[in-house]
>>> print(open('start_2.cif').read())   # mmCIF, C-alpha atoms and all ligand atoms
data_upload
loop_
_atom_site.group_PDB
_atom_site.id
_atom_site.type_symbol
_atom_site.label_atom_id
_atom_site.label_comp_id
_atom_site.auth_asym_id
_atom_site.auth_seq_id
_atom_site.Cartn_x
_atom_site.Cartn_y
_atom_site.Cartn_z
ATOM 1 C CA MET A 175 83.748 80.551 117.596
ATOM 2 C CA LYS A 176 87.245 81.941 117.117
ATOM 3 C CA ARG A 177 87.451 85.736 116.886
ATOM 4 C CA ILE A 178 90.700 86.959 115.395
ATOM 5 C CA LEU A 179 92.015 90.496 115.533
ATOM 6 C CA THR A 180 94.688 91.888 113.250
ATOM 7 C CA PHE A 181 96.080 95.374 112.635
ATOM 8 C CA GLY A 182 97.645 97.297 109.814
ATOM 9 C CA THR A 183 97.781 100.501 107.827
ATOM 10 C CA PHE A 184 96.915 98.773 104.542
ATOM 11 C CA ASP A 185 97.910 101.859 102.546
ATOM 12 C CA VAL A 186 97.981 101.403 98.749
ATOM 13 C CA PHE A 187 96.262 98.054 99.291
ATOM 14 C CA HIS A 188 98.304 95.300 97.641
ATOM 15 C CA TYR A 189 98.703 91.523 97.188
ATOM 16 C CA GLY A 190 100.667 91.108 100.460
ATOM 17 C CA HIS A 191 97.831 92.780 102.377
ATOM 18 C CA LEU A 192 95.266 90.550 100.694
ATOM 19 C CA LYS A 193 97.229 87.382 101.476
ATOM 20 C CA ILE A 194 97.813 88.124 105.168
ATOM 21 C CA LEU A 195 94.123 88.920 105.644
ATOM 22 C CA GLU A 196 93.134 85.734 103.791
ATOM 23 C CA ARG A 197 95.571 83.693 105.903
ATOM 24 C CA ALA A 198 94.212 85.271 109.086
ATOM 25 C CA ALA A 199 90.640 84.583 107.945
ATOM 26 C CA ASN A 200 91.545 80.921 107.394
ATOM 27 C CA HIS A 201 92.199 80.638 111.147
ATOM 28 C CA ALA A 202 89.049 82.539 112.118
ATOM 29 C CA ASP A 203 85.304 82.263 112.411
ATOM 30 C CA GLU A 204 85.264 86.043 112.666
ATOM 31 C CA LEU A 205 87.988 88.387 111.456
ATOM 32 C CA ILE A 206 88.216 91.897 112.907
ATOM 33 C CA VAL A 207 90.695 94.396 111.473
ATOM 34 C CA GLY A 208 92.115 97.474 113.204
ATOM 35 C CA VAL A 209 93.136 100.005 110.550
ATOM 36 C CA SER A 210 95.775 102.530 111.653
ATOM 37 C CA SER A 211 94.507 106.116 111.705
ATOM 38 C CA ASP A 212 96.151 108.767 109.542
ATOM 39 C CA ALA A 213 97.655 110.343 112.675
ATOM 40 C CA LEU A 214 99.071 107.008 113.884
ATOM 41 C CA ASN A 215 100.536 106.325 110.448
ATOM 42 C CA TYR A 216 102.215 109.746 110.475
ATOM 43 C CA LYS A 217 103.637 109.017 113.913
ATOM 44 C CA LYS A 218 104.947 105.589 112.863
ATOM 45 C CA LYS A 219 106.266 106.406 109.386
ATOM 46 C CA GLY A 220 106.752 110.194 109.305
ATOM 47 C CA ARG A 221 104.481 110.629 106.301
ATOM 48 C CA ASN A 222 100.789 110.806 105.547
ATOM 49 C CA PRO A 223 99.297 107.700 103.970
ATOM 50 C CA VAL A 224 98.390 107.901 100.264
ATOM 51 C CA PHE A 225 94.803 106.874 101.065
ATOM 52 C CA SER A 226 92.875 108.373 103.967
ATOM 53 C CA GLU A 227 91.761 106.312 106.959
ATOM 54 C CA LYS A 228 88.191 106.363 105.634
ATOM 55 C CA GLU A 229 89.282 105.092 102.217
ATOM 56 C CA ARG A 230 91.502 102.402 103.760
ATOM 57 C CA MET A 231 88.716 101.291 106.122
ATOM 58 C CA ASP A 232 86.246 101.163 103.212
ATOM 59 C CA ILE A 233 88.618 98.960 101.197
ATOM 60 C CA ILE A 234 89.131 96.505 104.092
ATOM 61 C CA SER A 235 85.385 96.471 104.918
ATOM 62 C CA SER A 236 84.598 95.479 101.339
ATOM 63 C CA LEU A 237 86.474 92.152 101.690
ATOM 64 C CA ASN A 238 83.905 89.422 102.160
ATOM 65 C CA PHE A 239 86.017 87.518 104.729
ATOM 66 C CA VAL A 240 86.384 90.570 106.997
ATOM 67 C CA ASP A 241 83.607 90.830 109.582
ATOM 68 C CA ASP A 242 84.380 94.105 111.342
ATOM 69 C CA VAL A 243 86.732 97.060 110.925
ATOM 70 C CA PHE A 244 87.676 99.767 113.412
ATOM 71 C CA LEU A 245 90.167 102.610 113.616
ATOM 72 C CA GLU A 246 93.425 101.875 115.479
ATOM 73 C CA GLU A 247 94.289 105.202 117.080
ATOM 74 C CA SER A 248 97.307 104.196 119.163
ATOM 75 C CA LEU A 249 99.857 101.388 119.256
ATOM 76 C CA GLU A 250 99.583 101.511 123.046
ATOM 77 C CA LEU A 251 95.914 100.461 123.074
ATOM 78 C CA LYS A 252 96.337 96.873 121.789
ATOM 79 C CA ARG A 253 95.318 95.328 125.113
ATOM 80 C CA GLU A 254 92.164 97.484 125.265
ATOM 81 C CA TYR A 255 91.278 96.638 121.644
ATOM 82 C CA ILE A 256 91.757 92.890 122.248
ATOM 83 C CA LEU A 257 89.503 93.010 125.306
ATOM 84 C CA LYS A 258 86.904 95.321 123.751
ATOM 85 C CA HIS A 259 86.527 93.111 120.668
ATOM 86 C CA LYS A 260 86.650 89.906 122.766
ATOM 87 C CA ALA A 261 89.385 88.517 120.500
ATOM 88 C CA ASP A 262 90.600 84.952 121.080
ATOM 89 C CA CYS A 263 93.658 85.489 118.956
ATOM 90 C CA LEU A 264 95.879 88.313 117.697
ATOM 91 C CA ILE A 265 97.507 87.740 114.308
ATOM 92 C CA MET A 266 100.262 89.869 112.793
ATOM 93 C CA GLY A 267 102.768 89.492 109.972
ATOM 94 C CA CYS A 268 106.143 88.063 110.950
ATOM 95 C CA ASP A 269 107.773 91.512 110.631
ATOM 96 C CA TRP A 270 106.206 91.997 114.087
ATOM 97 C CA ALA A 271 107.426 88.630 115.446
ATOM 98 C CA GLY A 272 107.780 88.656 119.231
ATOM 99 C CA LYS A 273 106.520 92.245 119.553
ATOM 100 C CA PHE A 274 103.088 91.345 120.916
ATOM 101 C CA ASP A 275 103.924 88.286 123.040
ATOM 102 C CA GLU A 276 102.908 90.249 126.156
ATOM 103 C CA PHE A 277 99.247 89.693 125.168
ATOM 104 C CA ASN A 278 99.599 85.919 125.509
ATOM 105 C CA ASP A 279 97.948 86.310 128.911
ATOM 106 C CA ILE A 280 94.630 87.362 127.345
ATOM 107 C CA CYS A 281 94.671 85.733 123.891
ATOM 108 C CA GLU A 282 96.670 83.528 121.573
ATOM 109 C CA VAL A 283 99.289 85.501 119.589
ATOM 110 C CA MET A 284 100.307 84.308 116.124
ATOM 111 C CA TYR A 285 102.710 85.711 113.536
ATOM 112 C CA LEU A 286 102.110 84.652 109.940
ATOM 113 C CA PRO A 287 104.585 84.744 107.038
ATOM 114 C CA ARG A 288 104.705 87.914 104.956
ATOM 115 C CA THR A 289 104.480 87.894 101.179
ATOM 116 C CA PRO A 290 108.042 88.466 99.940
ATOM 117 C CA ASP A 291 109.152 91.373 97.739
ATOM 118 C CA ILE A 292 106.144 93.648 98.048
ATOM 119 C CA SER A 293 105.510 96.670 100.220
ATOM 120 C CA THR A 294 103.654 99.984 100.028
ATOM 121 C CA THR A 295 106.958 101.880 100.150
ATOM 122 C CA GLU A 296 108.399 99.868 97.235
ATOM 123 C CA ILE A 297 105.228 100.388 95.188
ATOM 124 C CA ILE A 298 105.382 104.153 95.759
ATOM 125 C CA GLU A 299 109.060 104.202 94.738
ATOM 126 C CA LYS A 300 108.351 102.078 91.645
ATOM 127 C CA ILE A 301 105.526 104.377 90.506
ATOM 128 C CA LYS A 302 107.775 107.411 90.902
ATOM 129 C CA THR A 303 110.221 105.910 88.380
ATOM 130 C CA LEU A 304 107.598 105.171 85.705
HETATM 131 N N1 LIG B 401 102.150 92.327 105.089
HETATM 132 C C1 LIG B 401 102.462 91.089 104.528
HETATM 133 N N2 LIG B 401 103.246 91.023 103.417
HETATM 134 C C2 LIG B 401 103.736 92.141 102.848
HETATM 135 C C3 LIG B 401 103.423 93.406 103.395
HETATM 136 C C4 LIG B 401 102.619 93.461 104.527
HETATM 137 O O1 LIG B 401 102.035 90.034 105.024
HETATM 138 N N3 LIG B 401 104.520 92.019 101.766
HETATM 139 C C5 LIG B 401 101.338 92.367 106.316
HETATM 140 C C6 LIG B 401 102.083 92.964 107.518
HETATM 141 O O2 LIG B 401 102.922 92.000 108.116
HETATM 142 C C7 LIG B 401 100.918 93.392 108.409
HETATM 143 C C8 LIG B 401 99.821 93.736 107.384
HETATM 144 O O3 LIG B 401 100.230 93.202 106.125
HETATM 145 O O4 LIG B 401 100.496 92.298 109.225
HETATM 146 C C9 LIG B 401 99.646 95.239 107.254
HETATM 147 O O5 LIG B 401 100.886 95.794 106.884
HETATM 148 P P1 LIG B 401 101.112 97.361 107.024
HETATM 149 O O6 LIG B 401 100.022 98.088 106.346
HETATM 150 O O7 LIG B 401 102.525 97.653 106.639
HETATM 151 O O8 LIG B 401 100.862 97.562 108.549
HETATM 152 P P2 LIG B 401 101.796 98.237 109.595
HETATM 153 O O9 LIG B 401 102.084 99.619 109.177
HETATM 154 O O10 LIG B 401 102.903 97.284 109.917
HETATM 155 O O11 LIG B 401 100.783 98.394 110.818
HETATM 156 O O12 LIG B 401 99.517 97.952 115.243
HETATM 157 C C10 LIG B 401 100.331 97.498 114.230
HETATM 158 C C11 LIG B 401 100.247 98.314 113.022
HETATM 159 O O13 LIG B 401 99.002 98.883 112.817
HETATM 160 C C12 LIG B 401 100.695 97.503 111.835
#
>>> encode(input="start_2.cif", output="structure tokens", more="lines below")
Ligand code: C2G
Amino acid sequence: MKRILTFGTFDVFHYGHLKILERAANHADELIVGVSSDALNYKKKGRNPVFSEKERMDIISSLNFVDDVFLEESLELKREYILKHKADCLIMGCDWAGKFDEFNDICEVMYLPRTPDISTTEIIEKIKTL
């Protein structure tokens, strides 16, 4: 049984989000997703997400290859989350490459390719111009 943990804001859920979760699920028997809280998103990006944490968690929970979803309240709690969820592996997109190597002592750490040319910020900007 391989339990994989991944994290993200997943605001304005898009194709890149779907693909990274699918890729992570392909490595996993169980996929657990930590969804960044509204407060954490504000801290990281200086703006509120378009969709609330409840809405974003509901969207991720509805994916049939996601087994469990929880709220990620702090970037500093990764080690606690990995241990609490008994994860064998942490997967993140390659925009985070190297950033979580410190957790190699408690689980495998993998960085998967991102989908090119798509991001929540670009989608928001594109919609503004329509
Ligand atoms: N992603 C991707 N391709 C894109 C856009 C995003 O593969 N074109 C991936 C990211 O690499 C990440 C996941 O989708 O693994 C979620 O992306 P974000 O919602 O932007 O998450 P982020 O704000 O980076 O939050 O603790 C870490 C954070 O919670 C990650």
>>> resolve_selection(input="start_2.cif", expression="the PyMOL selection byres (((not hetatm)) within 9 of (chain B and resi 401))", output="ChimeraX atom specification")
/A:180-195,208-211,214-215,218-219,246-252,265-270,285-295
>>> closest_residue(input="start_2.cif", among="A:Leu304, A:Asp203, A:Tyr255, A:Pro223", to="Lys176 in chain A", atoms="only C-alpha atoms")
A:Asp203
>>> closest_residue(input="start_2.cif", among="A:Met175, A:Cys281, A:Ile256, A:Val243", to="Glu204 in chain A", atoms="only C-alpha atoms")
A:Met175
>>> atom_distance(input="start_2.cif", atom1="CA of Lys273 in chain A", atom2="CA of Ile298 in chain A")
26.6 Å
>>> closest_residue(input="start_2.cif", among="A:Asp212, A:Ala199, A:Glu254, A:Asp262", to="Arg230 in chain A", atoms="all atoms listed in the file")
A:Asp212
>>> closest_residue(input="start_2.cif", among="A:Ser226, A:Asp241, A:Thr303, A:Ala198", to="Leu264 in chain A", atoms="only C-alpha atoms")
A:Ala198
>>> atom_distance(input="start_2.cif", atom1="CA of Leu179 in chain A", atom2="CA of Val224 in chain A")
24.0 Å
>>> atom_distance(input="start_2.cif", atom1="CA of Phe277 in chain A", atom2="CA of Arg253 in chain A")
6.9 Å
>>> closest_residue(input="start_2.cif", among="A:Met231, A:Asn222, A:Glu299, A:Arg177", to="Lys258 in chain A", atoms="only C-alpha atoms")
A:Arg177
>>> residues_around(input="start_2.cif", residues="Val240 in chain A", least_positions_apart="3", cutoff="7 Å", atoms="only C-alpha atoms", output="list in words")
Leu205, Ile206, Ser235 and Leu237 of chain A
>>> closest_residue(input="start_2.cif", among="A:Ile234, A:His201, A:Glu196, A:Ile297", to="Glu282 in chain A", atoms="all atoms listed in the file")
A:His201
